[in-house]
file work-v4.txt (compact mmCIF, C-alpha atoms)
# COMPACT_ATOMS: atom_id res chain seq x y z
CA MET A 708 0.00 0.00 0.00
CA GLY A 709 1.54 3.29 -1.13
CA GLY A 710 1.86 6.16 1.32
CA VAL A 711 0.79 4.00 4.22
CA LYS A 712 -0.19 5.81 7.39
CA HIS A 713 -2.05 2.83 8.85
CA ARG A 714 -0.33 1.02 11.67
CA GLY A 715 -2.33 -2.08 10.86
CA GLY A 716 -4.43 -4.09 13.18
CA THR A 717 -7.88 -4.09 14.56
CA TYR A 718 -10.30 -1.38 15.61
CA PRO A 719 -13.05 -1.86 18.17
CA TYR A 720 -16.32 -1.53 16.25
CA TYR A 721 -19.74 -0.39 17.44
CA PRO A 722 -22.42 -1.40 14.91
CA GLY A 723 -25.51 -0.06 16.72
CA CYS A 724 -29.12 -1.20 16.45
CA THR A 725 -29.94 -0.25 12.88
CA LEU A 726 -26.88 -1.88 11.33
CA SER A 727 -27.79 -5.08 13.14
CA THR A 728 -31.33 -5.09 11.74
CA GLN A 729 -32.73 -2.91 8.95
CA ALA A 730 -29.35 -1.80 7.59
CA ARG A 731 -27.45 -5.08 7.64
CA ALA A 732 -26.21 -4.33 4.11
CA TYR A 733 -24.23 -1.38 5.49
CA ASP A 734 -22.71 -3.51 8.24
CA ARG A 735 -21.88 -6.37 5.89
CA SER A 736 -20.33 -4.21 3.15
CA GLY A 737 -18.49 -2.12 5.76
CA ARG A 738 -16.85 -5.12 7.40
CA ALA A 739 -15.94 -6.62 4.00
CA VAL A 740 -14.40 -3.38 2.74
CA ALA A 741 -12.45 -2.87 5.96
CA ALA A 742 -11.14 -6.45 5.80
CA ALA A 743 -10.09 -5.94 2.18
CA LEU A 744 -8.05 -2.95 3.32
CA GLY A 745 -6.41 -4.89 6.12
CA ILE A 746 -8.50 -3.32 8.87
CA GLY A 747 -10.14 -5.62 11.37
CA LEU A 748 -13.42 -4.35 12.76
CA GLN A 749 -13.83 -6.17 16.05
CA GLU A 750 -17.40 -5.84 17.30
CA LEU A 751 -17.60 -4.86 20.97
CA ALA A 752 -18.28 -7.90 23.15
CA GLU A 753 -21.23 -6.12 24.72
CA TRP A 754 -23.08 -3.07 23.51
CA GLN A 755 -26.48 -1.42 23.58
CA CYS A 756 -28.35 1.43 21.88
CA CYS A 757 -26.64 4.84 21.84
CA GLY A 758 -29.99 6.62 22.25
CA ALA A 759 -30.22 7.74 18.63
CA THR A 760 -30.49 11.46 19.44
CA PHE A 761 -28.04 13.73 21.20
CA PRO A 762 -29.83 15.68 23.94
CA LEU A 763 -30.06 19.39 23.17
CA THR A 764 -31.01 20.30 26.74
CA ILE A 765 -28.47 21.41 29.33
CA ASP A 766 -30.50 20.61 32.41
CA ASP A 767 -31.14 16.92 31.80
CA SER A 768 -28.35 14.36 32.03
CA MET A 769 -30.60 11.29 31.63
CA ALA A 770 -30.17 11.16 27.87
CA LEU A 771 -26.39 10.97 28.24
CA ILE A 772 -26.59 7.68 30.09
CA ALA A 773 -27.07 5.45 27.04
CA PRO A 774 -24.17 6.87 24.99
CA THR A 775 -21.89 6.95 28.04
CA ARG A 776 -22.55 3.26 28.64
CA VAL A 777 -21.43 2.60 25.05
CA LEU A 778 -18.24 4.65 25.54
CA CYS A 779 -17.64 2.67 28.71
CA GLN A 780 -18.13 -0.63 26.91
CA ALA A 781 -15.60 0.45 24.29
CA GLN A 782 -12.87 2.08 26.37
CA ASP A 783 -11.08 -1.10 27.39
CA SER A 784 -10.76 -2.31 23.79
CA GLY A 785 -8.58 0.56 22.61
CA GLU A 786 -8.15 4.31 22.31
CA ARG A 787 -10.73 4.58 19.57
CA VAL A 788 -14.00 3.01 18.62
CA VAL A 789 -15.13 2.94 15.00
CA THR A 790 -18.71 3.50 13.87
CA LEU A 791 -20.46 3.30 10.51
CA CYS A 792 -23.94 4.59 11.37
CA ALA A 793 -23.87 8.39 11.08
CA VAL A 794 -26.47 8.65 13.84
CA CYS A 795 -24.45 6.60 16.33
CA PHE A 796 -21.30 8.45 15.27
CA HIS A 797 -22.95 11.82 15.89
CA VAL A 798 -24.39 10.89 19.29
CA LEU A 799 -21.27 9.14 20.57
CA ARG A 800 -18.83 11.76 19.29
CA ARG A 801 -20.79 14.61 20.89
CA CYS A 802 -21.05 12.67 24.12
CA GLN A 803 -17.29 12.03 23.99
CA VAL A 804 -16.59 15.77 23.52
CA LEU A 805 -19.00 16.82 26.24
CA LEU A 806 -17.64 14.41 28.84
CA ALA A 807 -14.01 15.21 27.98
CA ASP A 808 -14.76 18.87 28.81
CA ASP A 809 -17.16 18.56 31.72
CA ALA A 810 -15.66 16.72 34.67
CA GLN A 811 -18.71 17.35 36.83
CA MET A 812 -21.06 15.76 34.30
CA LEU A 813 -18.66 12.85 33.83
CA GLU A 814 -18.67 12.24 37.57
CA ARG A 815 -22.46 12.47 37.74
CA ILE A 816 -23.07 10.00 34.90
CA ASN A 817 -20.43 7.60 36.21
CA TRP A 818 -22.05 7.70 39.62
CA PHE A 819 -25.42 6.94 38.11
CA ILE A 820 -24.35 4.07 35.86
CA GLU A 821 -21.98 2.71 38.50
CA GLN A 822 -19.18 2.46 35.98
CA ASP A 823 -15.99 4.34 35.39
CA TYR A 824 -15.85 5.97 31.98
CA ARG A 825 -12.51 7.75 31.99
CA GLY A 826 -13.45 10.39 29.43
CA GLU A 827 -10.57 9.56 27.10
CA LEU A 828 -12.05 7.49 24.27
CA HIS A 829 -12.10 8.83 20.71
CA VAL A 830 -15.10 8.00 18.53
CA ALA A 831 -14.20 7.72 14.84
CA HIS A 832 -16.19 7.15 11.70
CA LEU A 833 -14.85 4.60 9.22
CA LEU A 834 -14.59 7.43 6.67
CA GLU A 835 -12.01 9.10 8.92
CA VAL A 836 -10.08 5.87 9.25
CA LEU A 837 -9.95 5.57 5.46
CA ARG A 838 -8.91 9.18 4.92
CA ASP A 839 -6.64 9.79 7.91
CA ASP A 840 -5.17 6.40 8.87
CA LEU A 841 -4.93 4.62 5.53
CA GLY A 842 -4.99 7.60 3.19
CA TRP A 843 -6.85 7.72 -0.14
CA ASN A 844 -3.85 6.32 -2.06
CA ALA A 845 -4.01 3.10 -0.11
CA VAL A 846 -7.76 2.86 -0.60
CA GLY A 847 -7.31 3.52 -4.32
CA SER A 848 -4.65 0.85 -4.66
CA ARG A 849 -7.24 -1.77 -3.69
CA VAL A 850 -9.60 -0.82 -6.55
CA SER A 851 -9.75 -3.63 -9.11
CA ARG A 852 -12.85 -2.50 -11.00
CA PRO A 853 -12.59 1.25 -11.56
CA LEU A 854 -16.03 2.78 -11.89
CA ASP A 855 -15.05 4.98 -14.83
CA GLY A 856 -17.75 7.30 -16.01
CA LEU A 857 -20.15 6.54 -13.17
CA ARG A 858 -21.64 9.79 -11.88
CA VAL A 859 -22.13 9.62 -8.14
CA ALA A 860 -23.87 12.20 -5.94
CA PRO A 861 -22.12 12.55 -2.55
CA TYR A 862 -24.90 13.10 -0.02
CA TYR A 863 -23.60 14.22 3.37
CA GLY A 864 -26.78 15.12 5.23
CA CYS A 865 -26.50 16.61 8.71
CA LEU A 866 -25.10 14.30 11.31
CA LEU A 867 -21.68 13.69 9.77
CA LEU A 868 -21.03 17.42 9.52
CA ARG A 869 -22.73 19.43 12.25
CA PRO A 870 -22.00 20.95 14.68
CA ARG A 871 -18.57 21.91 13.37
CA GLU A 872 -16.84 22.29 16.75
CA GLU A 873 -17.86 18.88 18.09
CA ILE A 874 -17.96 16.68 14.98
CA GLY A 875 -14.97 18.18 13.16
CA LEU A 876 -14.97 15.56 10.41
CA ASP A 877 -15.15 17.97 7.50
CA ASP A 878 -16.11 21.52 6.53
CA PRO A 879 -19.82 21.57 7.40
CA GLU A 880 -20.70 23.97 4.57
CA ASP A 881 -18.32 22.68 1.90
CA PRO A 882 -17.44 19.06 2.69
CA SER A 883 -15.17 16.94 0.51
CA ILE A 884 -14.63 13.53 2.12
CA LEU A 885 -17.26 11.69 0.04
CA HIS A 886 -16.16 13.56 -3.10
CA ASP A 887 -12.63 12.26 -2.53
CA LEU A 888 -13.85 8.72 -1.95
CA ILE A 889 -15.82 8.81 -5.21
CA ARG A 890 -12.74 9.99 -7.12
CA VAL A 891 -10.64 7.23 -5.55
CA VAL A 892 -12.85 4.52 -7.12
CA GLY A 893 -12.59 6.18 -10.52
CA ALA A 894 -16.10 7.64 -10.57
CA ASP A 895 -17.09 11.29 -10.96
CA PRO A 896 -18.55 13.19 -8.01
CA VAL A 897 -21.65 15.15 -8.99
CA ASP A 898 -22.12 18.45 -7.18
CA PHE A 899 -25.75 19.13 -6.38
CA PRO A 900 -27.41 21.85 -4.28
CA TYR A 901 -28.97 19.49 -1.72
CA ALA A 902 -25.81 17.62 -0.68
CA ILE A 903 -25.87 18.94 2.90
CA GLU A 904 -29.64 19.40 3.29
CA CYS A 905 -31.56 17.41 5.90
CA CYS A 906 -33.54 14.35 4.72
CA GLY A 907 -36.08 14.81 7.51
CA SER A 908 -34.39 12.43 9.94
CA TYR A 909 -36.78 11.02 12.57
CA LEU A 910 -39.63 13.15 11.20
CA THR A 911 -40.23 10.13 8.99
CA ALA A 912 -41.73 8.35 12.03
CA LYS A 913 -44.10 11.21 12.88
CA GLU A 914 -44.64 13.29 9.77
CA PRO A 915 -43.82 10.94 6.90
CA ARG A 916 -45.38 13.25 4.32
CA VAL A 917 -43.09 16.10 5.30
CA SER A 918 -39.95 13.99 5.23
CA GLU A 919 -40.99 12.41 1.92
CA ARG A 920 -41.22 15.86 0.41
CA LEU A 921 -37.71 16.70 1.61
CA SER A 922 -36.36 13.44 0.26
CA ARG A 923 -37.98 13.91 -3.15
CA GLU A 924 -36.34 17.33 -3.44
CA ILE A 925 -32.94 15.84 -2.63
CA VAL A 926 -33.35 12.95 -5.08
CA ALA A 927 -34.66 15.24 -7.84
CA SER A 928 -31.78 17.65 -7.28
CA ALA A 929 -29.21 14.86 -7.61
CA GLN A 930 -30.90 13.50 -10.74
CA GLU A 931 -31.17 16.92 -12.37
CA SER A 932 -27.46 17.33 -11.74
CA GLY A 933 -26.80 14.15 -13.69
CA ALA A 934 -26.20 11.56 -10.96
CA ASP A 935 -26.48 7.83 -11.77
CA LEU A 936 -26.59 7.00 -8.08
CA LEU A 937 -26.20 8.61 -4.68
CA ILE A 938 -24.03 7.58 -1.75
CA THR A 939 -24.58 8.15 1.95
CA ALA A 940 -23.02 7.17 5.27
CA CYS A 941 -26.30 7.17 7.21
CA PRO A 942 -28.90 4.38 7.45
CA LEU A 943 -31.65 6.90 8.17
CA CYS A 944 -30.76 9.03 5.13
CA GLN A 945 -30.58 5.84 3.06
CA PHE A 946 -34.08 4.86 4.12
CA ASN A 947 -35.55 8.34 3.82
CA LEU A 948 -34.22 8.82 0.29
CA ASP A 949 -34.85 5.27 -0.98
CA TYR A 950 -38.21 4.28 0.53
CA PRO A 951 -40.33 7.12 -0.94
CA GLN A 952 -39.18 6.06 -4.42
CA ARG A 953 -40.62 2.56 -4.05
CA GLU A 954 -43.88 3.17 -5.88
CA THR A 955 -43.11 6.16 -8.05
CA ARG A 956 -43.54 6.07 -11.81
CA ALA A 957 -39.85 6.89 -12.25
CA ALA A 958 -38.79 3.90 -10.18
CA ALA A 959 -41.19 1.58 -12.02
CA ALA A 960 -39.74 2.78 -15.32
CA GLY A 961 -36.22 2.15 -14.06
CA ASP A 962 -35.52 5.86 -13.65
CA GLY A 963 -35.25 5.88 -9.87
CA LEU A 964 -32.09 7.07 -8.17
CA PRO A 965 -30.32 4.23 -6.34
CA VAL A 966 -29.28 5.26 -2.83
CA ILE A 967 -26.34 3.19 -1.61
CA TYR A 968 -23.80 3.27 1.19
CA PHE A 969 -20.26 4.41 0.47
CA THR A 970 -19.16 0.98 1.65
CA GLN A 971 -21.23 -0.68 -1.08
CA LEU A 972 -19.61 1.52 -3.70
CA LEU A 973 -16.20 0.47 -2.38
CA ALA A 974 -17.21 -3.21 -2.30
CA VAL A 975 -18.12 -3.06 -6.00
CA ALA A 976 -14.95 -1.17 -6.93
CA PHE A 977 -12.79 -3.56 -4.91
CA GLY A 978 -14.30 -6.48 -6.82
CA LEU A 979 -15.54 -8.11 -3.61
CA PRO A 980 -18.00 -11.01 -3.78
CA ARG A 981 -21.61 -10.03 -4.44
CA ASP A 982 -22.85 -11.38 -1.14
CA THR A 983 -20.98 -8.52 0.54
CA TRP A 984 -22.84 -5.84 -1.44
CA GLY A 985 -26.30 -6.25 0.04
CA PHE A 986 -28.22 -4.58 -2.78
CA GLU A 987 -31.21 -6.90 -2.36
CA ASP A 988 -32.65 -4.79 0.48
CA HIS A 989 -32.88 -1.61 -1.59
CA TYR A 990 -36.14 -0.19 -2.90
CA VAL A 991 -34.47 1.18 -6.04
CA ASP A 992 -32.28 -1.57 -7.48
CA PRO A 993 -28.74 -0.21 -7.91
CA ILE A 994 -27.68 -2.88 -10.42
CA PRO A 995 -29.10 -1.24 -13.60
CA ALA A 996 -27.16 1.97 -12.91
CA LEU A 997 -24.00 -0.11 -12.58
CA THR A 998 -24.85 -2.21 -15.66
CA SER A 999 -24.84 0.64 -18.10
CA MET A 1000 -21.63 2.14 -16.78
CA VAL A 1001 -19.44 -0.68 -15.60
CA GLY A 1002 -21.02 -3.78 -17.07
CA ILE A 1003 -22.34 -5.32 -13.87
CA SER A 1004 -25.60 -7.21 -14.26
CA HIS A 1005 -27.89 -9.36 -12.16
CA GLU A 1006 -26.40 -12.50 -13.68
CA VAL A 1007 -23.40 -13.69 -11.74
CA MET B 1164 -56.30 42.44 17.67
CA HIS B 1165 -54.07 43.80 20.39
CA THR B 1166 -51.02 41.94 21.61
CA LEU B 1167 -49.83 42.91 25.03
CA ILE B 1168 -46.09 42.90 25.56
CA SER B 1169 -45.10 43.58 29.12
CA ILE B 1170 -42.16 43.25 31.45
CA ASP B 1171 -44.08 40.45 33.16
CA THR B 1172 -43.85 38.22 30.10
CA VAL B 1173 -40.48 39.38 28.76
CA ARG B 1174 -38.86 38.75 32.13
CA GLY B 1175 -41.32 36.02 33.06
CA PRO B 1176 -40.98 32.35 33.97
CA PHE B 1177 -41.57 31.10 30.40
CA VAL B 1178 -38.50 32.94 29.05
CA ARG B 1179 -36.44 31.83 32.05
CA GLU B 1180 -37.48 28.23 31.53
CA ILE B 1181 -36.49 28.30 27.84
CA GLU B 1182 -33.12 29.82 28.70
CA GLU B 1183 -32.49 27.38 31.52
CA ILE B 1184 -33.29 24.30 29.44
CA SER B 1185 -31.56 25.47 26.26
CA GLY B 1186 -28.59 27.33 27.71
CA GLN B 1187 -29.18 29.99 25.06
CA ASN B 1188 -29.41 33.76 25.44
CA LEU B 1189 -32.58 34.52 23.50
CA LEU B 1190 -31.80 38.24 23.26
CA ALA B 1191 -28.62 37.49 21.30
CA CYS B 1192 -30.86 36.98 18.26
CA ASN B 1193 -31.15 40.14 16.18
CA GLN B 1194 -33.71 38.74 13.74
CA CYS B 1195 -31.50 38.57 10.65
CA GLY B 1196 -33.52 35.60 9.36
CA MET B 1197 -30.58 33.42 8.30
CA CYS B 1198 -32.11 30.47 10.19
CA SER B 1199 -35.40 30.69 8.31
CA ALA B 1200 -33.67 31.15 4.96
CA GLY B 1201 -31.82 27.86 5.28
CA CYS B 1202 -34.39 25.77 7.16
CA PRO B 1203 -35.29 22.72 5.03
CA VAL B 1204 -38.64 22.29 6.77
CA ALA B 1205 -39.73 25.95 6.76
CA SER B 1206 -42.22 25.44 3.94
CA ALA B 1207 -44.23 23.01 6.08
CA MET B 1208 -44.31 25.33 9.10
CA ASP B 1209 -47.01 27.84 9.99
CA MET B 1210 -44.40 30.20 11.38
CA LEU B 1211 -40.75 30.74 10.45
CA PRO B 1212 -38.04 29.66 12.91
CA SER B 1213 -36.86 33.27 13.24
CA GLN B 1214 -40.40 34.31 14.20
CA VAL B 1215 -40.50 31.61 16.86
CA ILE B 1216 -37.39 32.95 18.56
CA ARG B 1217 -38.80 36.49 18.36
CA LEU B 1218 -41.95 35.36 20.16
CA ALA B 1219 -39.79 33.44 22.63
CA GLN B 1220 -37.84 36.63 23.39
CA LEU B 1221 -41.14 38.32 24.21
CA GLY B 1222 -42.38 35.43 26.32
CA MET B 1223 -45.42 34.79 24.12
CA GLU B 1224 -46.17 31.40 25.62
CA GLU B 1225 -49.62 30.92 24.11
CA ALA B 1226 -48.32 31.26 20.55
CA LEU B 1227 -45.56 28.74 21.14
CA THR B 1228 -47.42 25.93 22.87
CA ALA B 1229 -50.19 23.55 21.77
CA GLY B 1230 -52.83 25.38 19.75
CA GLY B 1231 -50.56 28.36 19.05
CA ARG B 1232 -49.38 29.37 15.61
CA GLY B 1233 -45.76 28.52 16.38
CA ASP B 1234 -46.57 24.99 17.45
CA THR B 1235 -45.96 23.33 14.04
CA THR B 1236 -42.51 24.92 13.86
CA VAL B 1237 -41.51 23.59 17.27
CA TRP B 1238 -42.51 20.03 16.38
CA LEU B 1239 -41.32 20.00 12.76
CA CYS B 1240 -37.77 21.10 13.60
CA ALA B 1241 -35.67 18.02 12.77
CA SER B 1242 -32.59 19.24 14.70
CA CYS B 1243 -30.56 19.25 11.47
CA LEU B 1244 -28.44 22.10 12.87
CA ALA B 1245 -28.19 23.99 9.57
CA CYS B 1246 -29.41 27.16 11.32
CA ALA B 1247 -27.04 26.74 14.26
CA THR B 1248 -24.12 26.37 11.83
CA ARG B 1249 -25.04 29.60 10.05
CA CYS B 1250 -26.27 31.88 12.85
CA PRO B 1251 -24.02 34.97 12.88
CA LYS B 1252 -24.85 35.55 16.55
CA GLY B 1253 -24.05 32.03 17.67
CA VAL B 1254 -27.56 31.21 18.78
CA ASP B 1255 -28.21 27.47 18.83
CA LEU B 1256 -31.81 27.59 17.69
CA PRO B 1257 -32.33 23.79 17.71
CA ARG B 1258 -31.66 23.96 21.45
CA VAL B 1259 -34.38 26.62 21.78
CA MET B 1260 -36.76 24.37 19.82
CA GLU B 1261 -35.82 21.44 22.06
CA ALA B 1262 -36.56 23.56 25.12
CA LEU B 1263 -39.98 24.50 23.71
CA ARG B 1264 -40.71 20.80 23.12
CA GLN B 1265 -39.44 19.83 26.55
CA ILE B 1266 -41.60 22.44 28.27
CA GLN B 1267 -44.66 20.75 26.77
CA LEU B 1268 -43.44 17.18 27.27
CA ARG B 1269 -42.57 17.83 30.92
CA ARG B 1270 -46.13 19.04 31.43
CA GLY B 1271 -47.37 15.70 30.12
CA ALA B 1272 -47.84 16.30 26.40
CA VAL B 1273 -47.66 13.24 24.14
CA ARG B 1274 -46.91 14.24 20.57
CA MET B 1275 -46.61 10.98 18.72
CA ASP B 1276 -48.85 8.01 18.09
CA LEU B 1277 -46.94 5.07 16.65
CA ASP B 1278 -50.23 3.32 15.90
CA ALA B 1279 -51.05 6.10 13.46
CA LEU B 1280 -48.13 5.15 11.23
CA PRO B 1281 -48.96 3.32 8.01
CA PRO B 1282 -48.21 -0.37 8.82
CA GLN B 1283 -45.93 -0.82 5.82
CA LEU B 1284 -43.84 2.16 6.94
CA ALA B 1285 -43.80 1.01 10.57
CA ARG B 1286 -42.33 -2.33 9.53
CA ALA B 1287 -39.74 -0.77 7.26
CA LEU B 1288 -38.52 2.07 9.51
CA PRO B 1289 -34.93 1.91 10.70
CA GLN B 1290 -34.55 1.58 14.48
CA VAL B 1291 -32.83 4.94 14.76
CA ALA B 1292 -35.96 6.65 13.41
CA ILE B 1293 -38.20 5.01 16.00
CA VAL B 1294 -35.87 5.51 18.95
CA GLY B 1295 -35.11 9.07 17.86
CA ALA B 1296 -38.78 9.95 17.46
CA TYR B 1297 -39.61 8.46 20.85
CA ARG B 1298 -37.01 10.64 22.47
CA LYS B 1299 -38.18 13.77 20.66
CA TYR B 1300 -41.95 13.42 20.93
CA LEU B 1301 -42.62 11.47 24.12
CA LYS B 1302 -41.46 11.82 27.68

call {"tool": "encode", "arguments": {"input": "work-v4.txt", "output": "structure tokens"}}
result
Amino acid sequence: MGGVKHRGGTYPYYPGCTLSTQARAYDRSGRAVAAALGIGLQELAEWQCCGATFPLTIDDSMALIAPTRVLCQAQDSGERVVTLCAVCFHVLRRCQVLLADDAQMLERINWFIEQDYRGELHVAHLLEVLRDDLGWNAVGSRVSRPLDGLRVAPYYGCLLLRPREEIGLDDPEDPSILHDLIRVVGADPVDFPYAIECCGSYLTAKEPRVSERLSREIVASAQESGADLLITACPLCQFNLDYPQRETRAAAAGDGLPVIYFTQLLAVAFGLPRDTWGFEDHYVDPIPALTSMVGISHEV
Amino acid sequence: MHTLISIDTVRGPFVREIEEISGQNLLACNQCGMCSAGCPVASAMDMLPSQVIRLAQLGMEEALTAGGRGDTTVWLCASCLACATRCPKGVDLPRVMEALRQIQLRRGAVRMDLDALPPQLARALPQVAIVGAYRKYLK
């Protein structure tokens, strides 16, 4: 691997609830891609839900209990824990930052959960590991099926980017990490105006019509900008952008916009076995978009 | 229609409660409107996010709780943090919205009915959506 920054070895890995159930394709493709790059993702021996939202109140510490338990479960496995789910990443990273800065809160939560989180763990997203530990050159050297000519919309959403001070993964108004990943596999990143707009998040469970409208705007924007498919790092974004397309005329006519995880794009470009891709759970089948550009079809 | 603005509401318990829960200084907002301009859900709201914080500054509790015109805004905010990223005065408006939701939830409001979801959607929803919605809309 050229320009290697990676020290090799294994990272403790927190999959979270959604990647163990509805978004198994993300988990499966993520583990396969990491393994292909020489990274071991070692699932934590014990873990539970992170809480799925970071509390925006300052007078209520209850909601910090779930993410702190996760940090506690991870701290003895290493200095860092890796996540794939953008929601888990967001919640755990903000909890990490808060407890590193607030000794009083750390003491209070530790007292309540009767554990000793030391406040030192670092929560990383796999994207950061690829960019900062391995470097894009090393990722690129693993590509065996360059996706030349494929136009891919990098959809960042909210949770990977904001708030700037706590997340710090990328420029929240002009991010580039998914653009770089798309270039590394030989495809063309498609700029589109809705790349950092919210998909509606958990509104989908309360006001599905509102979140469907947001998602249609995002999908239409990517398609009007010429995208063949769209990549995301979030299982909630994936669902919110993919599900509303299930019964549309465009999808029936094969004109839907496939919404896939960045790990699935890498799995295809790395030439990994099809059972690691996990496309069968998608509402818009990604295979036709790949067929026309890179000659992949449903036939094995 | 007359709207009474008085020191009793501007310096009243409702404003204090919002500031205590959110940790935000409401009067830092100078009504530039950047939050409303970039809010992805604004078109579905009865009142713009910048109007909500203006009414919060003035302690207009009735307008910002159940039955008031600002109520849809409070419950449609998806905490996407676009406004907080762009606010030139450093106001974290999603925290203000969370405080307005919490004030109602802590008084016993229940703002979500999972049974009302279309069954196909309920089966397909990712766990994070359900857990997240529970934490935002129920106490």

call {"tool": "closest_atom_pairs", "arguments": {"input": "work-v4.txt", "of": "chain B", "to": "chain A", "cutoff": "6 Å", "atoms": "all atoms listed in the file", "output": "CSV"}}
result
residue,atom,partner,partner_atom,distance
B:Ile1184,CA,A:Thr764,CA,5.3
B:Ser1185,CA,A:Thr764,CA,5.2
B:Cys1243,CA,A:Cys865,CA,5.6
B:Arg1258,CA,A:Leu763,CA,5.1
B:Pro1289,CA,A:Gln729,CA,5.6
B:Gln1290,CA,A:Thr725,CA,5.2
B:Val1291,CA,A:Ala759,CA,5.4
B:Ala1292,CA,A:Tyr909,CA,4.5
B:Gly1295,CA,A:Ala759,CA,5.1
B:Ala1296,CA,A:Tyr909,CA,5.4

call {"tool": "atom_distance", "arguments": {"input": "work-v4.txt", "atom1": "atom CA of Gly1201 of chain B", "atom2": "atom CA of Val1273 of chain B"}}
result
28.6 Å

call {"tool": "closest_residue", "arguments": {"input": "work-v4.txt", "among": "A:Leu885, A:Val850, A:Ile820, A:Leu813", "to": "Arg838 of chain A", "atoms": "only C-alpha atoms"}}
result
A:Leu885

call {"tool": "closest_residue", "arguments": {"input": "work-v4.txt", "among": "B:Ile1168, B:Cys1198, B:Leu1301, B:Val1259", "to": "Leu1211 of chain B", "atoms": "all atoms listed in the file"}}
result
B:Cys1198

call {"tool": "atom_distance", "arguments": {"input": "work-v4.txt", "atom1": "atom CA of Ser1206 of chain B", "atom2": "atom CA of Arg1232 of chain B"}}
result
14.2 Å

call {"tool": "decode", "arguments": {"input": "work-v4.txt", "residues": "segment 880-916 of chain A", "atoms": "C-alpha atoms", "output": "PDB file, in the first residue's frame"}}
result
ATOM      1  CA  GLU A 880     -20.703  23.970   4.573  1.00  0.00           C
ATOM      2  CA  ASP A 881     -18.323  22.677   1.905  1.00  0.00           C
ATOM      3  CA  PRO A 882     -17.439  19.056   2.685  1.00  0.00           C
ATOM      4  CA  SER A 883     -15.175  16.937   0.509  1.00  0.00           C
ATOM      5  CA  ILE A 884     -14.630  13.531   2.121  1.00  0.00           C
ATOM      6  CA  LEU A 885     -17.263  11.688   0.042  1.00  0.00           C
ATOM      7  CA  HIS A 886     -16.163  13.556  -3.102  1.00  0.00           C
ATOM      8  CA  ASP A 887     -12.626  12.263  -2.532  1.00  0.00           C
ATOM      9  CA  LEU A 888     -13.853   8.721  -1.954  1.00  0.00           C
ATOM     10  CA  ILE A 889     -15.818   8.811  -5.212  1.00  0.00           C
ATOM     11  CA  ARG A 890     -12.738   9.991  -7.125  1.00  0.00           C
ATOM     12  CA  VAL A 891     -10.644   7.230  -5.553  1.00  0.00           C
ATOM     13  CA  VAL A 892     -12.848   4.523  -7.117  1.00  0.00           C
ATOM     14  CA  GLY A 893     -12.586   6.179 -10.519  1.00  0.00           C
ATOM     15  CA  ALA A 894     -16.097   7.641 -10.567  1.00  0.00           C
ATOM     16  CA  ASP A 895     -17.095  11.290 -10.965  1.00  0.00           C
ATOM     17  CA  PRO A 896     -18.546  13.185  -8.008  1.00  0.00           C
ATOM     18  CA  VAL A 897     -21.653  15.152  -8.987  1.00  0.00           C
ATOM     19  CA  ASP A 898     -22.123  18.450  -7.177  1.00  0.00           C
ATOM     20  CA  PHE A 899     -25.751  19.130  -6.381  1.00  0.00           C
ATOM     21  CA  PRO A 900     -27.410  21.846  -4.278  1.00  0.00           C
ATOM     22  CA  TYR A 901     -28.974  19.495  -1.719  1.00  0.00           C
ATOM     23  CA  ALA A 902     -25.807  17.622  -0.677  1.00  0.00           C
ATOM     24  CA  ILE A 903     -25.870  18.938   2.903  1.00  0.00           C
ATOM     25  CA  GLU A 904     -29.643  19.398   3.294  1.00  0.00           C
ATOM     26  CA  CYS A 905     -31.559  17.405   5.900  1.00  0.00           C
ATOM     27  CA  CYS A 906     -33.540  14.346   4.724  1.00  0.00           C
ATOM     28  CA  GLY A 907     -36.082  14.808   7.507  1.00  0.00           C
ATOM     29  CA  SER A 908     -34.385  12.429   9.936  1.00  0.00           C
ATOM     30  CA  TYR A 909     -36.776  11.023  12.570  1.00  0.00           C
ATOM     31  CA  LEU A 910     -39.633  13.153  11.195  1.00  0.00           C
ATOM     32  CA  THR A 911     -40.229  10.130   8.994  1.00  0.00           C
ATOM     33  CA  ALA A 912     -41.726   8.349  12.029  1.00  0.00           C
ATOM     34  CA  LYS A 913     -44.095  11.210  12.878  1.00  0.00           C
ATOM     35  CA  GLU A 914     -44.641  13.292   9.774  1.00  0.00           C
ATOM     36  CA  PRO A 915     -43.821  10.936   6.897  1.00  0.00           C
ATOM     37  CA  ARG A 916     -45.376  13.250   4.317  1.00  0.00           C
TER      38      ARG A 916
END
